[in-house]
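Peer 1: So that you have it, the file is model24.txt, and it contains compact mmCIF, C-alpha atoms:
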```txt
# COMPACT_ATOMS: atom_id res chain seq x y z
CA MET A 1 119.50 3.78 -140.54
CA ALA A 2 115.94 3.74 -141.79
CA PHE A 3 114.59 0.51 -143.13
CA LYS A 4 113.92 0.22 -146.78
CA PRO A 5 110.24 -0.46 -147.42
CA SER A 6 109.62 -4.08 -148.21
CA GLN A 7 109.61 -4.87 -151.88
CA ARG A 8 107.11 -7.61 -151.28
CA SER A 9 104.24 -5.41 -150.24
CA HIS A 10 101.97 -5.46 -153.20
CA THR A 11 98.75 -5.49 -151.26
CA LYS A 12 96.39 -3.07 -152.93
CA ILE A 13 94.50 -0.67 -150.71
CA ARG A 14 90.92 -1.19 -151.57
CA GLU A 15 89.02 2.06 -152.07
CA ILE A 16 85.91 2.15 -149.95
CA PRO A 17 83.31 4.48 -151.44
CA LEU A 18 82.21 7.06 -148.90
CA ASP A 19 78.51 6.85 -148.23
CA ILE A 20 77.47 10.47 -148.56
CA ARG A 21 73.79 9.93 -149.12
CA PRO A 22 72.71 11.08 -145.62
CA VAL A 23 74.77 14.22 -146.02
CA MET A 24 73.21 14.81 -149.41
CA ASN A 25 69.77 14.48 -147.90
CA LEU A 26 70.63 17.06 -145.31
CA MET A 27 72.03 19.44 -147.91
CA VAL A 28 69.01 19.14 -150.12
CA CYS A 29 66.80 20.12 -147.20
CA LEU A 30 69.04 22.81 -145.77
CA ILE A 31 69.72 24.74 -148.96
CA PRO A 32 66.07 25.57 -149.75
CA ILE A 33 65.46 26.56 -146.13
CA LEU A 34 68.44 28.88 -146.05
CA LEU A 35 67.70 30.26 -149.50
CA TYR A 36 64.24 31.11 -148.33
CA SER A 37 65.44 33.06 -145.34
CA ALA A 38 68.56 34.54 -146.87
CA GLU A 39 68.98 38.30 -146.85
CA PHE A 40 70.20 39.39 -150.21
CA VAL A 41 69.53 43.07 -149.71
CA LYS A 42 70.94 44.59 -146.58
CA LEU A 43 68.53 47.09 -145.09
CA SER A 44 69.37 49.95 -142.84
CA ILE A 45 67.48 52.73 -141.17
CA ARG A 46 67.78 56.45 -140.56
CA GLU A 47 66.44 57.61 -137.26
CA LEU A 48 64.23 60.63 -137.22
CA ASN A 49 62.84 61.58 -133.85
CA LEU A 50 60.00 64.02 -133.83
CA PRO A 51 59.17 66.18 -130.84
CA PRO A 52 56.33 64.51 -128.92
CA ALA A 53 52.86 65.43 -130.11
CA GLY A 54 51.33 68.43 -128.45
CA THR A 55 54.54 70.36 -127.85
CA SER A 56 55.70 72.74 -130.47
CA ASP A 57 58.46 75.31 -130.65
CA ARG A 58 55.98 78.01 -129.87
CA GLY A 59 55.09 76.27 -126.64
CA ASN A 60 58.73 76.01 -125.68
CA GLN A 61 59.38 79.68 -126.11
CA ASN A 62 56.98 80.48 -123.32
CA ASN A 63 59.08 78.38 -121.01
CA PRO A 64 61.58 80.69 -119.23
CA LEU A 65 64.24 77.97 -119.15
CA THR A 66 64.40 77.54 -122.90
CA GLU A 67 64.13 81.23 -123.55
CA GLN A 68 67.67 81.71 -122.33
CA GLU A 69 69.03 79.02 -124.63
CA LYS A 70 70.76 80.21 -127.72
CA ARG A 71 69.42 78.53 -130.79
CA PHE A 72 71.10 78.61 -134.14
CA GLN A 73 68.45 76.77 -136.15
CA LEU A 74 70.52 75.83 -139.14
CA THR A 75 68.30 75.02 -142.07
CA VAL A 76 68.99 73.42 -145.43
CA ILE A 77 66.33 73.73 -148.08
CA ILE A 78 66.39 71.58 -151.17
CA SER A 79 64.89 73.16 -154.20
CA LYS A 80 64.93 72.22 -157.83
CA ARG A 81 67.68 74.77 -158.38
CA GLY A 82 69.98 73.78 -155.55
CA PHE A 83 70.51 74.08 -151.81
CA TYR A 84 69.63 77.05 -149.70
CA ILE A 85 71.51 77.23 -146.40
CA GLY A 86 70.44 79.54 -143.65
CA ASN A 87 69.14 80.08 -140.17
CA ARG A 88 66.68 82.37 -138.49
CA ALA A 89 68.68 85.46 -139.35
CA GLY A 90 68.76 84.86 -143.09
CA TYR A 91 70.11 82.80 -145.90
CA LEU A 92 73.54 82.48 -147.39
CA THR A 93 73.85 84.06 -150.77
CA GLY A 94 75.25 82.25 -153.75
CA GLU A 95 77.46 83.53 -156.49
CA ALA A 96 74.73 85.79 -157.80
CA ASN A 97 74.66 87.55 -154.39
CA THR A 98 70.91 87.58 -154.09
CA GLN A 99 68.92 85.59 -151.58
CA ALA A 100 66.66 84.29 -154.31
CA GLU A 101 69.58 82.33 -155.74
CA PRO A 102 70.54 79.10 -153.98
CA ALA A 103 73.81 79.13 -152.02
CA ILE A 104 74.86 75.95 -153.77
CA PRO A 105 73.25 75.66 -157.17
CA ALA A 106 72.43 72.27 -158.61
CA MET A 107 74.86 70.89 -161.14
CA GLU A 108 73.97 70.60 -164.77
CA GLY A 109 71.82 67.59 -165.45
CA GLY A 110 69.75 67.99 -162.31
CA ASN A 111 72.22 66.44 -159.86
CA TYR A 112 72.93 68.10 -156.58
CA ASP A 113 76.37 69.23 -155.51
CA PHE A 114 76.45 67.37 -152.18
CA GLU A 115 80.22 67.67 -151.76
CA ARG A 116 80.12 71.45 -151.87
CA LEU A 117 77.21 71.47 -149.45
CA ARG A 118 79.18 69.34 -147.06
CA GLN A 119 82.22 71.63 -147.29
CA GLN A 120 80.02 74.62 -146.57
CA LEU A 121 78.40 72.88 -143.61
CA ILE A 122 81.78 71.85 -142.19
CA GLU A 123 82.76 75.53 -142.28
CA ILE A 124 79.57 76.49 -140.50
CA LYS A 125 80.11 73.74 -137.95
CA GLU A 126 83.61 75.07 -137.17
CA LYS A 127 82.26 78.59 -136.71
CA ILE A 128 79.37 77.79 -134.42
CA LYS A 129 81.26 75.25 -132.34
CA ASP A 130 81.72 76.17 -128.65
CA GLN A 131 79.62 79.28 -128.98
CA GLY A 132 77.01 77.98 -126.62
CA PHE A 133 74.32 77.09 -129.08
CA VAL A 134 72.14 74.36 -127.64
CA ASP A 135 71.37 73.02 -131.09
CA GLU A 136 74.87 72.91 -132.50
CA ASN A 137 74.35 69.30 -133.56
CA SER A 138 70.95 69.68 -135.12
CA ILE A 139 69.83 70.73 -138.53
CA ILE A 140 66.46 71.30 -140.11
CA ILE A 141 65.84 69.85 -143.55
CA SER A 142 63.18 71.32 -145.70
CA ALA A 143 62.32 70.94 -149.34
CA GLU A 144 60.06 72.00 -152.11
CA ALA A 145 56.88 69.98 -152.45
CA ASP A 146 57.98 67.82 -155.36
CA ILE A 147 61.53 66.98 -154.28
CA GLU A 148 61.91 63.22 -154.28
CA TYR A 149 62.51 61.18 -151.14
CA LYS A 150 65.81 59.76 -152.43
CA HIS A 151 67.35 63.24 -152.50
CA ILE A 152 66.33 63.78 -148.89
CA ILE A 153 67.87 60.49 -147.80
CA ARG A 154 71.01 61.34 -149.77
CA LEU A 155 71.16 64.71 -148.06
CA MET A 156 70.85 63.02 -144.67
CA ASP A 157 73.83 60.82 -145.57
CA TYR A 158 75.94 63.85 -146.33
CA ILE A 159 75.05 65.98 -143.34
CA THR A 160 75.26 63.51 -140.50
CA ILE A 161 78.92 62.51 -140.67
CA TYR A 162 82.03 63.55 -142.52
CA THR A 163 85.59 62.34 -142.83
CA ASP A 164 88.20 64.94 -141.93
CA ALA A 165 91.67 65.35 -143.41
CA GLN A 166 93.13 62.75 -141.05
CA GLY A 167 90.60 60.19 -142.18
CA ASN A 168 88.59 60.18 -138.97
CA GLU A 169 84.85 60.02 -139.15
CA LYS A 170 83.30 62.94 -137.36
CA GLU A 171 79.79 64.01 -136.62
CA LEU A 172 78.51 66.94 -138.59
CA PHE A 173 74.86 67.49 -137.75
CA PRO A 174 73.51 64.14 -136.54
CA GLN A 175 70.20 65.44 -135.18
CA ILE A 176 67.95 65.88 -138.15
CA ASN A 177 64.59 67.57 -138.06
CA ILE A 178 62.14 67.85 -140.87
CA GLY A 179 60.78 71.28 -141.61
CA THR A 180 57.68 72.35 -143.41
CA VAL A 181 57.17 72.21 -147.15
CA ILE A 182 58.27 75.35 -148.93
CA MET B 1 79.24 -0.43 -195.17
CA ALA B 2 78.93 -0.47 -191.42
CA PHE B 3 81.62 -2.06 -189.38
CA ILE B 4 80.99 -5.38 -187.82
CA PRO B 5 81.09 -4.97 -184.04
CA SER B 6 84.13 -6.56 -182.55
CA LYS B 7 83.41 -10.02 -181.26
CA ARG B 8 86.21 -9.83 -178.74
CA LYS B 9 84.96 -6.69 -176.98
CA LYS B 10 81.43 -8.03 -176.67
CA HIS B 11 82.35 -10.02 -173.64
CA LEU B 12 84.05 -7.23 -171.76
CA LEU B 13 82.40 -6.83 -168.40
CA PHE B 14 81.15 -3.39 -167.70
CA ALA B 15 82.29 -2.44 -164.28
CA GLN B 16 79.52 -0.90 -162.24
CA GLU B 17 80.44 2.75 -161.98
CA GLU B 18 79.55 4.81 -158.96
CA LEU B 19 78.37 8.33 -159.59
CA ASN B 20 81.13 10.65 -158.51
CA LEU B 21 79.49 13.18 -156.24
CA THR B 22 82.60 14.68 -154.65
CA SER B 23 82.65 17.86 -156.70
CA MET B 24 78.94 18.35 -156.20
CA MET B 25 79.45 17.99 -152.47
CA ASP B 26 82.13 20.65 -152.59
CA ALA B 27 79.80 23.08 -154.30
CA MET B 28 76.99 22.27 -151.88
CA THR B 29 79.21 22.89 -148.87
CA ILE B 30 80.21 26.28 -150.18
CA ILE B 31 76.60 27.23 -150.92
CA LEU B 32 75.62 26.08 -147.46
CA LEU B 33 78.29 28.18 -145.81
CA PHE B 34 77.37 31.22 -147.88
CA LEU B 35 73.71 30.88 -147.02
CA LEU B 36 74.46 30.39 -143.35
CA LYS B 37 76.45 33.61 -143.43
CA THR B 38 73.62 35.61 -144.93
CA TYR B 39 71.05 34.03 -142.67
CA SER B 40 68.75 36.48 -140.99
CA THR B 41 66.81 35.78 -137.87
CA THR B 42 64.88 39.04 -137.67
CA GLY B 43 62.25 38.05 -140.16
CA GLU B 44 61.02 40.04 -143.08
CA ILE B 45 60.47 43.72 -142.53
CA ILE B 46 59.13 44.53 -145.92
CA SER B 47 57.42 42.48 -148.52
CA PRO B 48 58.62 43.44 -151.96
CA ALA B 49 56.21 45.26 -154.21
CA SER B 50 56.61 46.38 -157.77
CA ASP B 51 55.77 49.98 -156.98
CA LEU B 52 58.12 50.26 -154.02
CA ARG B 53 61.80 50.89 -154.49
CA LEU B 54 63.73 51.92 -151.45
CA PRO B 55 66.34 54.67 -151.61
CA TYR B 56 70.01 53.93 -150.99
CA SER B 57 71.75 55.24 -147.93
CA LEU B 58 75.14 54.98 -146.26
CA SER B 59 73.55 54.42 -142.88
CA THR B 60 74.62 51.23 -141.13
CA GLN B 61 72.02 51.06 -138.39
CA ALA B 62 70.22 47.74 -138.53
CA PRO B 63 66.44 47.83 -138.50
CA HIS B 64 64.24 46.08 -135.95
CA LYS B 65 60.86 44.68 -136.58
CA GLU B 66 58.31 47.35 -135.80
CA LEU B 67 55.06 48.64 -137.14
CA THR B 68 55.55 49.69 -140.74
CA VAL B 69 53.95 52.49 -142.67
CA SER B 70 54.58 51.97 -146.37
CA VAL B 71 54.21 54.69 -148.93
CA THR B 72 54.33 53.19 -152.40
CA ARG B 73 53.68 55.03 -155.61
CA ASP B 74 49.93 54.42 -155.40
CA ASN B 75 49.01 53.24 -151.92
CA ILE B 76 49.59 53.85 -148.26
CA LEU B 77 49.83 50.70 -146.17
CA VAL B 78 50.09 50.02 -142.48
CA SER B 79 51.57 46.60 -141.67
CA ASP B 80 51.02 45.49 -145.27
CA GLN B 81 47.33 46.33 -145.17
CA ARG B 82 46.16 49.01 -147.50
CA VAL B 83 44.73 52.02 -145.73
CA MET B 84 44.14 54.33 -148.64
CA MET B 85 45.23 55.39 -152.09
CA VAL B 86 47.76 58.17 -152.49
CA ASP B 87 45.36 59.95 -154.85
CA ASP B 88 42.69 60.16 -152.15
CA ILE B 89 44.80 62.38 -149.90
CA ASP B 90 43.27 65.76 -149.28
CA PRO B 91 45.78 68.17 -150.83
CA ARG B 92 44.82 71.01 -148.50
CA SER B 93 45.33 69.37 -145.12
CA THR B 94 48.67 68.33 -143.63
CA MET B 95 47.08 65.45 -141.75
CA ILE B 96 46.17 62.26 -143.63
CA GLY B 97 42.82 61.38 -142.09
CA ALA B 98 42.58 57.64 -142.76
CA LEU B 99 46.18 57.02 -141.80
CA TYR B 100 45.71 58.99 -138.59
CA THR B 101 42.64 56.94 -137.66
CA GLU B 102 44.46 53.66 -138.30
CA LEU B 103 47.63 54.65 -136.45
CA SER B 104 45.72 56.04 -133.47
CA ARG B 105 43.79 52.80 -133.23
CA ARG B 106 47.03 50.83 -133.26
CA ALA B 107 48.56 53.14 -130.68
CA ARG B 108 45.56 52.60 -128.40
CA GLU B 109 45.86 48.84 -128.85
CA ALA B 110 49.57 48.95 -128.16
CA LYS B 111 48.95 50.92 -124.97
CA GLN B 112 46.32 48.41 -123.87
CA ASN B 113 48.83 45.65 -124.50
CA GLU B 114 51.39 47.51 -122.46
CA ILE B 115 49.05 47.67 -119.50
CA GLN B 116 47.67 44.15 -119.81
CA TYR B 117 50.57 42.08 -121.06
CA ALA B 118 53.58 44.33 -120.39
CA ILE B 119 54.51 44.49 -124.07
CA PRO B 120 56.36 47.83 -124.19
CA PHE B 121 54.98 50.48 -126.50
CA THR B 122 58.13 51.73 -128.20
CA ARG B 123 56.46 54.51 -130.23
CA GLU B 124 58.67 53.44 -133.10
CA VAL B 125 57.42 53.18 -136.64
CA ILE B 126 59.30 52.17 -139.75
CA VAL B 127 58.55 54.41 -142.70
CA VAL B 128 58.99 52.41 -145.88
CA ALA B 129 58.75 54.89 -148.71
CA ASP B 130 59.43 54.67 -152.39
CA GLU B 131 62.45 56.65 -153.54
CA ASN B 132 60.32 58.82 -155.82
CA VAL B 133 57.78 59.88 -153.23
CA PRO B 134 57.60 63.68 -153.24
CA PHE B 135 58.60 65.57 -150.11
CA GLN B 136 55.13 66.98 -149.64
CA LEU B 137 53.61 63.50 -149.25
CA LEU B 138 56.49 62.33 -147.08
CA PHE B 139 56.03 65.36 -144.84
CA LYS B 140 52.32 64.61 -144.48
CA VAL B 141 53.06 61.00 -143.55
CA ILE B 142 55.71 62.06 -141.04
CA TYR B 143 53.38 64.67 -139.56
CA THR B 144 50.54 62.16 -139.28
CA CYS B 145 52.80 59.58 -137.62
CA GLY B 146 54.02 62.20 -135.15
CA SER B 147 50.48 63.31 -134.34
CA SER B 148 49.32 59.76 -133.67
CA GLU B 149 51.94 59.13 -130.97
CA TYR B 150 54.38 57.29 -133.22
CA ASP B 151 57.08 59.91 -133.03
CA LYS B 152 60.20 57.79 -133.37
CA LEU B 153 60.47 57.40 -137.09
CA ARG B 154 62.81 54.96 -138.74
CA LEU B 155 63.28 55.60 -142.43
CA LEU B 156 64.03 52.32 -144.12
CA THR B 157 66.74 52.35 -146.76
CA ILE B 158 68.94 49.92 -148.63
CA ARG B 159 72.47 49.81 -147.34
CA GLU B 160 74.96 50.98 -149.88
CA ARG B 161 78.44 49.56 -149.83
```
Kindly present the structure from the file in structure tokens form.
Peer 2:
Amino acid sequence: MAFKPSQRSHTKIREIPLDIRPVMNLMVCLIPILLYSAEFVKLSIRELNLPPAGTSDRGNQNNPLTEQEKRFQLTVIISKRGFYIGNRAGYLTGEANTQAEPAIPAMEGGNYDFERLRQQLIEIKEKIKDQGFVDENSIIISAEADIEYKHIIRLMDYITIYTDAQGNEKELFPQINIGTVI
Amino acid sequence: MAFIPSKRKKHLLFAQEELNLTSMMDAMTIILLFLLKTYSTTGEIISPASDLRLPYSLSTQAPHKELTVSVTRDNILVSDQRVMMVDDIDPRSTMIGALYTELSRRAREAKQNEIQYAIPFTREVIVVADENVPFQLLFKVIYTCGSSEYDKLRLLTIRER
């Protein structure tokens, strides 16, 4: 049987104040240092590798090895009116069925319909897959002269990866090239 | 009429109170942990400017410290040193002359350093551009970078979550 605690014990436990001044000193120094070097905005980068200076596509075509390669040369052009999608052979036509109309017109209010563009590109990706194109992962981005940089970055976001129906992230066209100004 | 102060309470001893710092310590500890978590060791890549707002991107690749070419609304800078004004760019040529001269000089220096001190010349350049820079200007900058041997471009963006 457990003992009953003694009724006589009335000794008070004296509270000893914790001396936290050294810790406080440390904190006061550490917080400004860390605040100074803290990263509040997370930065990220988009890689864009240019062909080395001095070689151009024209130079490559003279090379017999590359002449045999099949190139698709998928191009997306951003214009004020929407996206044009095409390759060397020609451009996709939009609802108006003329090549002068963008394949995916911009939405009202000046925003671009990136989701539709992505759907269209996924379709193209499925079609050209395993057909022996050497550039099946690359895409050329071009734009009108006054298209803003943020739209180009946004476009890069949408065309590099996509999430399929099963929720897996897949590569769409991760190799981005920049084409000339239209 | 004012009350007469109590004569009895006048002789009460005021106990010396210690300042209670426990709650402050709690807050400090949390702040410290939070700051330690967001601590960066890479150093600053960009210095903020009023005429430079980076675009948002879903990219998750972390940047390294490299040579930066900044295109703000009014100026073009290389490593935070102004090279030229945006307005001074020749609208007819694709190459930006002053930027090309500066980048070529840096490329030569970097190659010298590679030979003498074995500091590798990565050919990488971080393009820090304002989100409203038109494509034409961006293309010229990219073309100039590519021509002056910096052909691995890294477009700096703010990570969106």
Peer 1: Per residue of chain A within 6 Å of chain B, record the nearest atom pair and its distance in Å to one decimal, counting all atoms listed in the file, with rows in chain order and ascending residue number, as CSV.
Peer 2:
```
residue,atom,partner,partner_atom,distance
A:Leu34,CA,B:Leu35,CA,5.7
A:Ala38,CA,B:Tyr39,CA,4.9
A:Glu39,CA,B:Thr38,CA,5.7
A:Lys42,CA,B:Arg159,CA,5.5
A:Leu43,CA,B:Ile158,CA,4.6
A:Ser44,CA,B:Ala62,CA,4.9
A:Ile45,CA,B:Leu156,CA,4.6
A:Arg46,CA,B:Leu155,CA,4.9
A:Glu47,CA,B:Arg154,CA,4.7
A:Leu48,CA,B:Leu153,CA,5.0
A:Asn49,CA,B:Lys152,CA,4.6
A:Leu50,CA,B:Asp151,CA,5.1
A:Ala53,CA,B:Ser147,CA,5.3
A:Ala145,CA,B:Gln136,CA,4.5
A:Asp146,CA,B:Pro134,CA,4.7
A:Ile147,CA,B:Pro134,CA,5.2
A:Glu148,CA,B:Pro134,CA,4.5
A:Tyr149,CA,B:Glu131,CA,5.1
A:Lys150,CA,B:Glu131,CA,4.7
```
Peer 1: Could you please take those selected residues and save C-alpha atoms as a PDB file, keeping the file's coordinate frame?
Peer 2:
```pdb
ATOM      1  CA  LEU A  34      68.440  28.880-146.050  1.00  0.00           C
ATOM      2  CA  ALA A  38      68.560  34.540-146.870  1.00  0.00           C
ATOM      3  CA  GLU A  39      68.980  38.300-146.850  1.00  0.00           C
ATOM      4  CA  LYS A  42      70.940  44.590-146.580  1.00  0.00           C
ATOM      5  CA  LEU A  43      68.530  47.090-145.090  1.00  0.00           C
ATOM      6  CA  SER A  44      69.370  49.950-142.840  1.00  0.00           C
ATOM      7  CA  ILE A  45      67.480  52.730-141.170  1.00  0.00           C
ATOM      8  CA  ARG A  46      67.780  56.450-140.560  1.00  0.00           C
ATOM      9  CA  GLU A  47      66.440  57.610-137.260  1.00  0.00           C
ATOM     10  CA  LEU A  48      64.230  60.630-137.220  1.00  0.00           C
ATOM     11  CA  ASN A  49      62.840  61.580-133.850  1.00  0.00           C
ATOM     12  CA  LEU A  50      60.000  64.020-133.830  1.00  0.00           C
ATOM     13  CA  ALA A  53      52.860  65.430-130.110  1.00  0.00           C
ATOM     14  CA  ALA A 145      56.880  69.980-152.450  1.00  0.00           C
ATOM     15  CA  ASP A 146      57.980  67.820-155.360  1.00  0.00           C
ATOM     16  CA  ILE A 147      61.530  66.980-154.280  1.00  0.00           C
ATOM     17  CA  GLU A 148      61.910  63.220-154.280  1.00  0.00           C
ATOM     18  CA  TYR A 149      62.510  61.180-151.140  1.00  0.00           C
ATOM     19  CA  LYS A 150      65.810  59.760-152.430  1.00  0.00           C
TER      20      LYS A 150
END
```
Peer 1: Would you compute the distance between CA of Asp164 in chain A and CA of Asn137 in chain A? Give it in Å to one decimal.
Peer 2: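 Taking CA of Asp164 in chain A as the start and CA of Asn137 in chain A as the end point, the length is 16.8 Å.
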Peer 1: Separation of CA of Pro17 in chain A and CA of Asp26 in chain B, in Å?
Peer 2: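 If I compute the distance from CA of Pro17 in chain A to CA of Asp26 in chain B, I get 16.3 Å.
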Peer 1: At what distance in Å, to one decimal, does CA of Glu171 in chain A lie from CA of Met107 in chain A?
Peer 2: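 We find that CA of Met107 in chain A and CA of Glu171 in chain A lie 25.9 Å from each other.
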Peer 1: Around (76.9, 65.0, -147.6), as given in the file, which residues come within 12 Å? Count all atoms listed in the file and list them as a VMD selection string.
Peer 2: (chain A and resid 76 83 112 to 122 151 to 163 171 to 174) or (chain B and resid 57 to 58)
Peer 1: Output the selection as a short mmCIF file (atom, residue, chain, number, x, y, z; two decimals), in the coordinates of the input - C-alpha atoms for each residue.
Peer 2:
```
data_model
loop_
_atom_site.label_atom_id
_atom_site.label_comp_id
_atom_site.auth_asym_id
_atom_site.auth_seq_id
_atom_site.Cartn_x
_atom_site.Cartn_y
_atom_site.Cartn_z
CA VAL A 76 68.99 73.42 -145.43
CA PHE A 83 70.51 74.08 -151.81
CA TYR A 112 72.93 68.10 -156.58
CA ASP A 113 76.37 69.23 -155.51
CA PHE A 114 76.45 67.37 -152.18
CA GLU A 115 80.22 67.67 -151.76
CA ARG A 116 80.12 71.45 -151.87
CA LEU A 117 77.21 71.47 -149.45
CA ARG A 118 79.18 69.34 -147.06
CA GLN A 119 82.22 71.63 -147.29
CA GLN A 120 80.02 74.62 -146.57
CA LEU A 121 78.40 72.88 -143.61
CA ILE A 122 81.78 71.85 -142.19
CA HIS A 151 67.35 63.24 -152.50
CA ILE A 152 66.33 63.78 -148.89
CA ILE A 153 67.87 60.49 -147.80
CA ARG A 154 71.01 61.34 -149.77
CA LEU A 155 71.16 64.71 -148.06
CA MET A 156 70.85 63.02 -144.67
CA ASP A 157 73.83 60.82 -145.57
CA TYR A 158 75.94 63.85 -146.33
CA ILE A 159 75.05 65.98 -143.34
CA THR A 160 75.26 63.51 -140.50
CA ILE A 161 78.92 62.51 -140.67
CA TYR A 162 82.03 63.55 -142.52
CA THR A 163 85.59 62.34 -142.83
CA GLU A 171 79.79 64.01 -136.62
CA LEU A 172 78.51 66.94 -138.59
CA PHE A 173 74.86 67.49 -137.75
CA PRO A 174 73.51 64.14 -136.54
CA SER B 57 71.75 55.24 -147.93
CA LEU B 58 75.14 54.98 -146.26
#
```
Peer 1: Complete the atom set of range 132-154 of chain A to N, CA and C atoms and return it as a PDB file, in the frame of the given file.
Peer 2:
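New file result.pdb:
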```pdb
ATOM      1  N   GLY A 132      78.108  78.073-127.560  1.00  0.00           N
ATOM      2  CA  GLY A 132      77.010  77.980-126.620  1.00  0.00           C
ATOM      3  C   GLY A 132      75.642  77.765-127.234  1.00  0.00           C
ATOM      4  N   PHE A 133      75.626  77.388-128.498  1.00  0.00           N
ATOM      5  CA  PHE A 133      74.320  77.090-129.080  1.00  0.00           C
ATOM      6  C   PHE A 133      73.866  75.725-128.594  1.00  0.00           C
ATOM      7  N   VAL A 134      72.608  75.653-128.135  1.00  0.00           N
ATOM      8  CA  VAL A 134      72.140  74.360-127.640  1.00  0.00           C
ATOM      9  C   VAL A 134      71.886  73.393-128.786  1.00  0.00           C
ATOM     10  N   ASP A 135      71.693  73.910-129.973  1.00  0.00           N
ATOM     11  CA  ASP A 135      71.370  73.020-131.090  1.00  0.00           C
ATOM     12  C   ASP A 135      72.509  72.949-132.097  1.00  0.00           C
ATOM     13  N   GLU A 136      73.746  72.906-131.555  1.00  0.00           N
ATOM     14  CA  GLU A 136      74.870  72.910-132.500  1.00  0.00           C
ATOM     15  C   GLU A 136      75.019  71.592-133.256  1.00  0.00           C
ATOM     16  N   ASN A 137      74.280  70.569-132.836  1.00  0.00           N
ATOM     17  CA  ASN A 137      74.350  69.300-133.560  1.00  0.00           C
ATOM     18  C   ASN A 137      73.116  69.047-134.421  1.00  0.00           C
ATOM     19  N   SER A 138      72.190  69.984-134.402  1.00  0.00           N
ATOM     20  CA  SER A 138      70.950  69.680-135.120  1.00  0.00           C
ATOM     21  C   SER A 138      70.792  70.557-136.348  1.00  0.00           C
ATOM     22  N   ILE A 139      70.034  70.051-137.262  1.00  0.00           N
ATOM     23  CA  ILE A 139      69.830  70.730-138.530  1.00  0.00           C
ATOM     24  C   ILE A 139      68.383  70.482-138.957  1.00  0.00           C
ATOM     25  N   ILE A 140      67.825  71.450-139.625  1.00  0.00           N
ATOM     26  CA  ILE A 140      66.460  71.300-140.110  1.00  0.00           C
ATOM     27  C   ILE A 140      66.513  71.142-141.629  1.00  0.00           C
ATOM     28  N   ILE A 141      65.889  70.079-142.112  1.00  0.00           N
ATOM     29  CA  ILE A 141      65.840  69.850-143.550  1.00  0.00           C
ATOM     30  C   ILE A 141      64.461  70.255-144.045  1.00  0.00           C
ATOM     31  N   SER A 142      64.449  70.981-145.103  1.00  0.00           N
ATOM     32  CA  SER A 142      63.180  71.320-145.700  1.00  0.00           C
ATOM     33  C   SER A 142      63.332  71.169-147.208  1.00  0.00           C
ATOM     34  N   ALA A 143      62.217  71.138-147.903  1.00  0.00           N
ATOM     35  CA  ALA A 143      62.320  70.940-149.340  1.00  0.00           C
ATOM     36  C   ALA A 143      61.088  71.487-150.033  1.00  0.00           C
ATOM     37  N   GLU A 144      61.223  71.652-151.307  1.00  0.00           N
ATOM     38  CA  GLU A 144      60.060  72.000-152.110  1.00  0.00           C
ATOM     39  C   GLU A 144      59.140  70.777-152.188  1.00  0.00           C
ATOM     40  N   ALA A 145      57.890  71.040-152.534  1.00  0.00           N
ATOM     41  CA  ALA A 145      56.880  69.980-152.450  1.00  0.00           C
ATOM     42  C   ALA A 145      57.197  68.768-153.305  1.00  0.00           C
ATOM     43  N   ASP A 146      57.811  68.965-154.459  1.00  0.00           N
ATOM     44  CA  ASP A 146      57.980  67.820-155.360  1.00  0.00           C
ATOM     45  C   ASP A 146      59.402  67.268-155.386  1.00  0.00           C
ATOM     46  N   ILE A 147      60.200  67.578-154.376  1.00  0.00           N
ATOM     47  CA  ILE A 147      61.530  66.980-154.280  1.00  0.00           C
ATOM     48  C   ILE A 147      61.379  65.523-153.863  1.00  0.00           C
ATOM     49  N   GLU A 148      62.107  64.648-154.536  1.00  0.00           N
ATOM     50  CA  GLU A 148      61.910  63.220-154.280  1.00  0.00           C
ATOM     51  C   GLU A 148      62.626  62.782-152.998  1.00  0.00           C
ATOM     52  N   TYR A 149      62.034  61.748-152.412  1.00  0.00           N
ATOM     53  CA  TYR A 149      62.510  61.180-151.140  1.00  0.00           C
ATOM     54  C   TYR A 149      63.984  60.788-151.191  1.00  0.00           C
ATOM     55  N   LYS A 150      64.416  60.254-152.347  1.00  0.00           N
ATOM     56  CA  LYS A 150      65.810  59.760-152.430  1.00  0.00           C
ATOM     57  C   LYS A 150      66.813  60.896-152.238  1.00  0.00           C
ATOM     58  N   HIS A 151      66.439  62.109-152.686  1.00  0.00           N
ATOM     59  CA  HIS A 151      67.350  63.240-152.500  1.00  0.00           C
ATOM     60  C   HIS A 151      67.446  63.603-151.021  1.00  0.00           C
ATOM     61  N   ILE A 152      66.334  63.432-150.316  1.00  0.00           N
ATOM     62  CA  ILE A 152      66.330  63.780-148.890  1.00  0.00           C
ATOM     63  C   ILE A 152      67.181  62.793-148.109  1.00  0.00           C
ATOM     64  N   ILE A 153      67.042  61.506-148.459  1.00  0.00           N
ATOM     65  CA  ILE A 153      67.870  60.490-147.800  1.00  0.00           C
ATOM     66  C   ILE A 153      69.350  60.724-148.110  1.00  0.00           C
ATOM     67  N   ARG A 154      69.628  61.069-149.365  1.00  0.00           N
ATOM     68  CA  ARG A 154      71.010  61.340-149.770  1.00  0.00           C
ATOM     69  C   ARG A 154      71.567  62.518-148.979  1.00  0.00           C
TER      70      ARG A 154
END
```
